[in-house]
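Student: My structure is in target.pdb, and what it holds is PDB, C-alpha atoms and all ligand atoms:
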```pdb
ATOM      1  CA  MET A   1      53.574  80.450   6.332
ATOM      2  CA  GLN A   2      55.113  83.489   8.022
ATOM      3  CA  LYS A   3      58.849  83.405   8.607
ATOM      4  CA  ILE A   4      60.658  84.700  11.685
ATOM      5  CA  LEU A   5      64.087  86.324  11.755
ATOM      6  CA  ILE A   6      65.836  84.900  14.838
ATOM      7  CA  SER A   7      69.070  85.904  16.557
ATOM      8  CA  ALA A   8      71.488  83.206  15.419
ATOM      9  CA  CYS A   9      72.884  82.784  18.949
ATOM     10  CA  LEU A  10      69.432  81.737  20.202
ATOM     11  CA  LEU A  11      69.526  78.835  17.738
ATOM     12  CA  GLY A  12      72.856  77.638  19.105
ATOM     13  CA  ARG A  13      75.152  79.291  16.586
ATOM     14  CA  PRO A  14      78.443  80.288  18.292
ATOM     15  CA  VAL A  15      78.374  83.894  17.065
ATOM     16  CA  ARG A  16      78.458  85.898  20.286
ATOM     17  CA  TYR A  17      81.301  88.243  21.176
ATOM     18  CA  ASP A  18      82.696  85.530  23.470
ATOM     19  CA  GLY A  19      82.502  82.829  20.803
ATOM     20  CA  ARG A  20      79.576  81.130  22.495
ATOM     21  CA  SER A  21      75.876  80.757  21.854
ATOM     22  CA  VAL A  22      72.861  81.098  24.151
ATOM     23  CA  PRO A  23      70.546  78.383  22.843
ATOM     24  CA  LYS A  24      66.917  78.919  23.759
ATOM     25  CA  HIS A  25      65.284  75.612  24.572
ATOM     26  CA  ASP A  26      61.603  75.901  23.826
ATOM     27  CA  ALA A  27      59.092  73.560  22.228
ATOM     28  CA  MET A  28      57.725  76.372  20.073
ATOM     29  CA  ILE A  29      61.171  77.107  18.649
ATOM     30  CA  ASP A  30      61.618  73.402  17.874
ATOM     31  CA  LYS A  31      58.259  73.427  16.083
ATOM     32  CA  TRP A  32      59.081  76.568  14.073
ATOM     33  CA  LEU A  33      62.431  75.084  13.149
ATOM     34  CA  GLU A  34      60.739  71.931  11.893
ATOM     35  CA  GLN A  35      58.269  74.041   9.899
ATOM     36  CA  GLY A  36      61.131  75.935   8.254
ATOM     37  CA  ARG A  37      59.941  79.293   9.582
ATOM     38  CA  LEU A  38      63.162  80.393  11.270
ATOM     39  CA  VAL A  39      65.767  82.506   9.499
ATOM     40  CA  PRO A  40      68.881  82.754  11.722
ATOM     41  CA  PHE A  41      70.862  85.963  11.499
ATOM     42  CA  CYS A  42      73.608  87.700  13.478
ATOM     43  CA  PRO A  43      73.724  91.441  12.737
ATOM     44  CA  GLU A  44      77.145  91.928  14.282
ATOM     45  CA  MET A  45      78.711  89.250  12.083
ATOM     46  CA  ALA A  46      76.823  90.605   9.068
ATOM     47  CA  GLY A  47      78.307  93.993   9.901
ATOM     48  CA  GLY A  48      81.772  92.510   9.503
ATOM     49  CA  LEU A  49      82.742  91.911  13.129
ATOM     50  CA  PRO A  50      84.684  88.735  13.973
ATOM     51  CA  VAL A  51      84.077  85.984  16.522
ATOM     52  CA  PRO A  52      85.289  86.393  19.168
ATOM     53  CA  ARG A  53      85.215  90.188  19.387
ATOM     54  CA  PRO A  54      85.468  92.734  22.187
ATOM     55  CA  PRO A  55      82.120  93.407  23.891
ATOM     56  CA  ALA A  56      80.398  96.610  22.777
ATOM     57  CA  GLU A  57      77.780  98.865  24.358
ATOM     58  CA  ILE A  58      75.829 101.901  23.193
ATOM     59  CA  HIS A  59      77.140 105.188  24.561
ATOM     60  CA  GLY A  60      74.952 108.266  24.830
ATOM     61  CA  GLY A  61      71.572 106.705  24.164
ATOM     62  CA  THR A  62      69.925 103.601  22.739
ATOM     63  CA  GLY A  63      69.601 102.063  19.289
ATOM     64  CA  ILE A  64      67.262 104.758  18.081
ATOM     65  CA  GLU A  65      69.797 107.483  18.892
ATOM     66  CA  VAL A  66      72.490 105.478  17.082
ATOM     67  CA  LEU A  67      70.251 105.409  14.003
ATOM     68  CA  GLU A  68      69.772 109.173  14.317
ATOM     69  CA  GLY A  69      73.527 109.771  14.583
ATOM     70  CA  LYS A  70      73.232 110.981  18.189
ATOM     71  CA  ALA A  71      74.889 108.029  19.970
ATOM     72  CA  LEU A  72      77.752 105.643  19.278
ATOM     73  CA  VAL A  73      78.440 101.927  19.745
ATOM     74  CA  LYS A  74      81.846 101.379  21.298
ATOM     75  CA  THR A  75      84.067  98.679  22.684
ATOM     76  CA  ARG A  76      86.445  99.744  25.429
ATOM     77  CA  GLU A  77      88.936 100.644  22.690
ATOM     78  CA  ALA A  78      87.127 101.441  19.477
ATOM     79  CA  ASP A  79      84.081 102.980  17.816
ATOM     80  CA  VAL A  80      82.189 100.150  16.086
ATOM     81  CA  THR A  81      79.083 102.135  15.175
ATOM     82  CA  ALA A  82      79.550 101.649  11.424
ATOM     83  CA  ALA A  83      79.596  97.850  11.757
ATOM     84  CA  PHE A  84      76.454  97.881  13.908
ATOM     85  CA  LEU A  85      74.631 100.076  11.403
ATOM     86  CA  LYS A  86      75.743  97.861   8.509
ATOM     87  CA  GLY A  87      74.486  94.757  10.312
ATOM     88  CA  ALA A  88      71.151  96.379  11.142
ATOM     89  CA  ARG A  89      70.641  97.379   7.514
ATOM     90  CA  ALA A  90      71.528  93.840   6.398
ATOM     91  CA  ALA A  91      68.872  92.483   8.779
ATOM     92  CA  LEU A  92      66.271  94.825   7.331
ATOM     93  CA  ASP A  93      67.302  93.940   3.755
ATOM     94  CA  LEU A  94      66.914  90.244   4.559
ATOM     95  CA  CYS A  95      63.455  90.833   6.037
ATOM     96  CA  ARG A  96      62.405  92.734   2.934
ATOM     97  CA  GLU A  97      63.832  90.117   0.554
ATOM     98  CA  GLN A  98      62.109  87.261   2.355
ATOM     99  CA  GLY A  99      58.913  89.062   3.348
ATOM    100  CA  ILE A 100      59.624  88.644   7.048
ATOM    101  CA  ASP A 101      57.368  90.648   9.384
ATOM    102  CA  PHE A 102      58.468  89.176  12.718
ATOM    103  CA  ALA A 103      61.747  88.905  14.588
ATOM    104  CA  LEU A 104      62.666  86.982  17.750
ATOM    105  CA  LEU A 105      65.777  88.598  19.165
ATOM    106  CA  LYS A 106      68.205  88.098  22.039
ATOM    107  CA  GLU A 107      67.600  90.450  24.926
ATOM    108  CA  LYS A 108      70.197  92.949  26.299
ATOM    109  CA  SER A 109      72.359  92.954  23.160
ATOM    110  CA  PRO A 110      73.400  96.341  21.708
ATOM    111  CA  SER A 111      72.152  94.977  18.376
ATOM    112  CA  CYS A 112      69.296  92.635  19.218
ATOM    113  CA  GLY A 113      67.969  93.838  22.599
ATOM    114  CA  SER A 114      64.368  94.965  22.402
ATOM    115  CA  ARG A 115      63.487  95.876  25.991
ATOM    116  CA  HIS A 116      66.746  96.526  27.803
ATOM    117  CA  ILE A 117      70.349  97.161  26.832
ATOM    118  CA  TYR A 118      73.504  97.905  28.820
ATOM    119  CA  ASP A 119      74.105 101.550  29.631
ATOM    120  CA  GLY A 120      77.519 102.029  28.027
ATOM    121  CA  SER A 121      79.541 101.921  31.239
ATOM    122  CA  PHE A 122      80.556  98.234  30.961
ATOM    123  CA  SER A 123      79.325  97.735  34.502
ATOM    124  CA  ARG A 124      76.390  95.393  33.664
ATOM    125  CA  ARG A 125      73.856  98.166  34.336
ATOM    126  CA  LEU A 126      70.723  97.898  32.205
ATOM    127  CA  ILE A 127      68.577 100.710  30.864
ATOM    128  CA  PRO A 128      65.253 100.492  29.027
ATOM    129  CA  GLY A 129      65.731 100.654  25.272
ATOM    130  CA  ARG A 130      66.383  98.773  22.069
ATOM    131  CA  GLY A 131      69.551  97.786  20.290
ATOM    132  CA  VAL A 132      70.411  99.121  16.836
ATOM    133  CA  THR A 133      68.957  96.251  14.792
ATOM    134  CA  ALA A 134      65.819  95.951  16.934
ATOM    135  CA  ALA A 135      65.192  99.688  16.576
ATOM    136  CA  LEU A 136      65.692  99.708  12.797
ATOM    137  CA  LEU A 137      63.439  96.688  12.251
ATOM    138  CA  GLU A 138      60.636  98.107  14.395
ATOM    139  CA  ASP A 139      60.893 101.448  12.605
ATOM    140  CA  HIS A 140      60.223  99.547   9.372
ATOM    141  CA  GLU A 141      57.245  97.543  10.575
ATOM    142  CA  VAL A 142      58.981  94.324  11.508
ATOM    143  CA  SER A 143      57.493  93.350  14.889
ATOM    144  CA  VAL A 144      60.277  92.488  17.305
ATOM    145  CA  PHE A 145      59.780  90.026  20.153
ATOM    146  CA  CYS A 146      62.373  89.244  22.788
ATOM    147  CA  GLU A 147      63.354  85.728  23.769
ATOM    148  CA  ASP A 148      60.895  85.841  26.696
ATOM    149  CA  ASP A 149      57.965  86.667  24.419
ATOM    150  CA  ILE A 150      57.799  83.420  22.458
ATOM    151  CA  LEU A 151      54.215  82.768  23.533
ATOM    152  CA  ALA A 152      53.118  86.255  22.484
ATOM    153  CA  LEU A 153      54.801  85.761  19.100
ATOM    154  CA  SER A 154      53.047  82.414  18.645
ATOM    155  CA  HIS A 155      49.696  84.155  19.098
ATOM    156  CA  VAL A 156      50.209  86.606  16.252
ATOM    157  CA  LEU A 157      51.615  84.166  13.683
ATOM    158  CA  ILE A 158      49.529  82.628  10.961
TER     159      ILE A 158
HETATM  160 FE1  LIG A 201      73.264  87.074  19.075
HETATM  161 FE2  LIG A 201      72.373  89.364  18.035
HETATM  162 FE3  LIG A 201      74.625  89.328  19.453
HETATM  163 FE4  LIG A 201      74.596  88.204  17.046
HETATM  164  S1  LIG A 201      74.289  90.372  17.481
HETATM  165  S2  LIG A 201      75.463  87.329  18.900
HETATM  166  S3  LIG A 201      72.538  87.379  16.982
HETATM  167  S4  LIG A 201      72.580  88.878  20.198
END
```
Can the structure in the file be given as structure tokens, please?
Ligand code: SF4

Tutor:
Amino acid sequence: MQKILISACLLGRPVRYDGRSVPKHDAMIDKWLEQGRLVPFCPEMAGGLPVPRPPAEIHGGTGIEVLEGKALVKTREADVTAAFLKGARAALDLCREQGIDFALLKEKSPSCGSRHIYDGSFSRRLIPGRGVTAALLEDHEVSVFCEDDILALSHVLI
């Protein structure tokens, strides 16, 4: 049975920057949980960041540019790029160790976002693009689905 890496905050784990979670209530998630398919993971915590932590956004590009060394992830005070890269690599390592080919990730996050992320201005403006972890996983053939694509993910699982 294929496993799915899932953003830990979507499963109700209080790992977000604000110390909260964003539980996704969906019958399919309940079913996958029961089947033991879900592997919860928070890249930002795996990268060594605490809870709570200052919010961060990507400056000068999207996750792919961060991976290429052309953009940075910053809070209002600090450069946290290294922690975001470490967390993304830990996510990929976990997928490789457990043979995970699919990920269901929280949208708009500078780590987990797969369609849109914030633009780096801390003004809640969204731009098209992926977060650092989503970009790294997709570059290594892990198919990333956002929280609104649960049905689409269910159609490709075996
Ligand atoms: Fe959720 Fe991903 Fe942010 Fe962790 S890094 S809190 S899993 S969106």

Student: As AutoDock Vina command-line options, what would the box around segment 26-37 of chain A look like: edges along x, y and z, 4 Å added on every side, centre and edge lengths in Å to one decimal?

Tutor:
```
--center_x 60.1 --center_y 75.6 --center_z 16.0 --size_x 12.7 --size_y 15.4 --size_z 23.6
```

Student: Determine the nearest neighbour of Leu94 of chain A from the options A:Val73, A:Leu137, A:Glu147, A:Arg20, counting only C-alpha atoms.

Tutor: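 Comparing A:Val73, A:Leu137, A:Glu147, A:Arg20 against Leu94 of chain A, the winner is A:Leu137.
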
Student: Name the residues in contact with Ile58 of chain A at a cut-off of 8 Å, using all atoms listed in the file, excluding same-chain residues fewer than 5 positions from it; report them as number ranges by chain.

Tutor: A: 63, 66, 71-74, 110, 118-120

Student: What does the distance from atom CA of His116 of chain A to atom CA of Ala103 of chain A come to in Å, to one decimal?

Tutor: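 Between these atoms lies a distance of 16.1 Å.
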
Student: If the PyMOL selection byres (((chain A and resi 17) around 6) and not hetatm) is run on the structure shown, which residues does it catch, given as a list in words?

Tutor: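 After applying the PyMOL selection byres (((chain A and resi 17) around 6) and not hetatm), what remains is Arg16, Asp18, Gly19, Val51, Pro52, Arg53 and Pro55 of chain A.
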
Student: If I only have part of segment 4-19 of chain A, can you fill in N, CA and C atoms and write it as a compact mmCIF listing (two decimals), in the frame of the given file?

Tutor:
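Output (out13.txt):
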```
# COMPACT_ATOMS: atom_id res chain seq x y z
N ILE A 4 60.21 83.92 10.52
CA ILE A 4 60.66 84.70 11.68
C ILE A 4 62.17 84.85 11.60
N LEU A 5 62.64 86.09 11.61
CA LEU A 5 64.09 86.32 11.76
C LEU A 5 64.44 86.03 13.22
N ILE A 6 65.47 85.23 13.45
CA ILE A 6 65.84 84.90 14.84
C ILE A 6 67.33 85.16 15.05
N SER A 7 67.66 85.72 16.21
CA SER A 7 69.07 85.90 16.56
C SER A 7 69.77 84.55 16.46
N ALA A 8 70.83 84.49 15.67
CA ALA A 8 71.49 83.21 15.42
C ALA A 8 71.98 82.54 16.71
N CYS A 9 72.38 83.36 17.69
CA CYS A 9 72.88 82.78 18.95
C CYS A 9 71.79 82.05 19.70
N LEU A 10 70.53 82.44 19.53
CA LEU A 10 69.43 81.74 20.20
C LEU A 10 69.20 80.35 19.61
N LEU A 11 69.67 80.16 18.39
CA LEU A 11 69.53 78.83 17.74
C LEU A 11 70.78 77.99 17.93
N GLY A 12 71.67 78.44 18.80
CA GLY A 12 72.86 77.64 19.10
C GLY A 12 74.06 77.91 18.24
N ARG A 13 73.98 78.95 17.41
CA ARG A 13 75.15 79.29 16.59
C ARG A 13 76.17 80.04 17.46
N PRO A 14 77.44 79.66 17.42
CA PRO A 14 78.44 80.29 18.29
C PRO A 14 78.94 81.61 17.72
N VAL A 15 78.07 82.62 17.74
CA VAL A 15 78.37 83.89 17.07
C VAL A 15 78.52 85.06 18.03
N ARG A 16 78.38 84.79 19.33
CA ARG A 16 78.46 85.90 20.29
C ARG A 16 79.87 86.46 20.40
N TYR A 17 79.99 87.61 21.02
CA TYR A 17 81.30 88.24 21.18
C TYR A 17 82.30 87.31 21.86
N ASP A 18 81.80 86.44 22.73
CA ASP A 18 82.70 85.53 23.47
C ASP A 18 82.86 84.17 22.78
N GLY A 19 82.36 84.07 21.56
CA GLY A 19 82.50 82.83 20.80
C GLY A 19 81.52 81.75 21.22
```
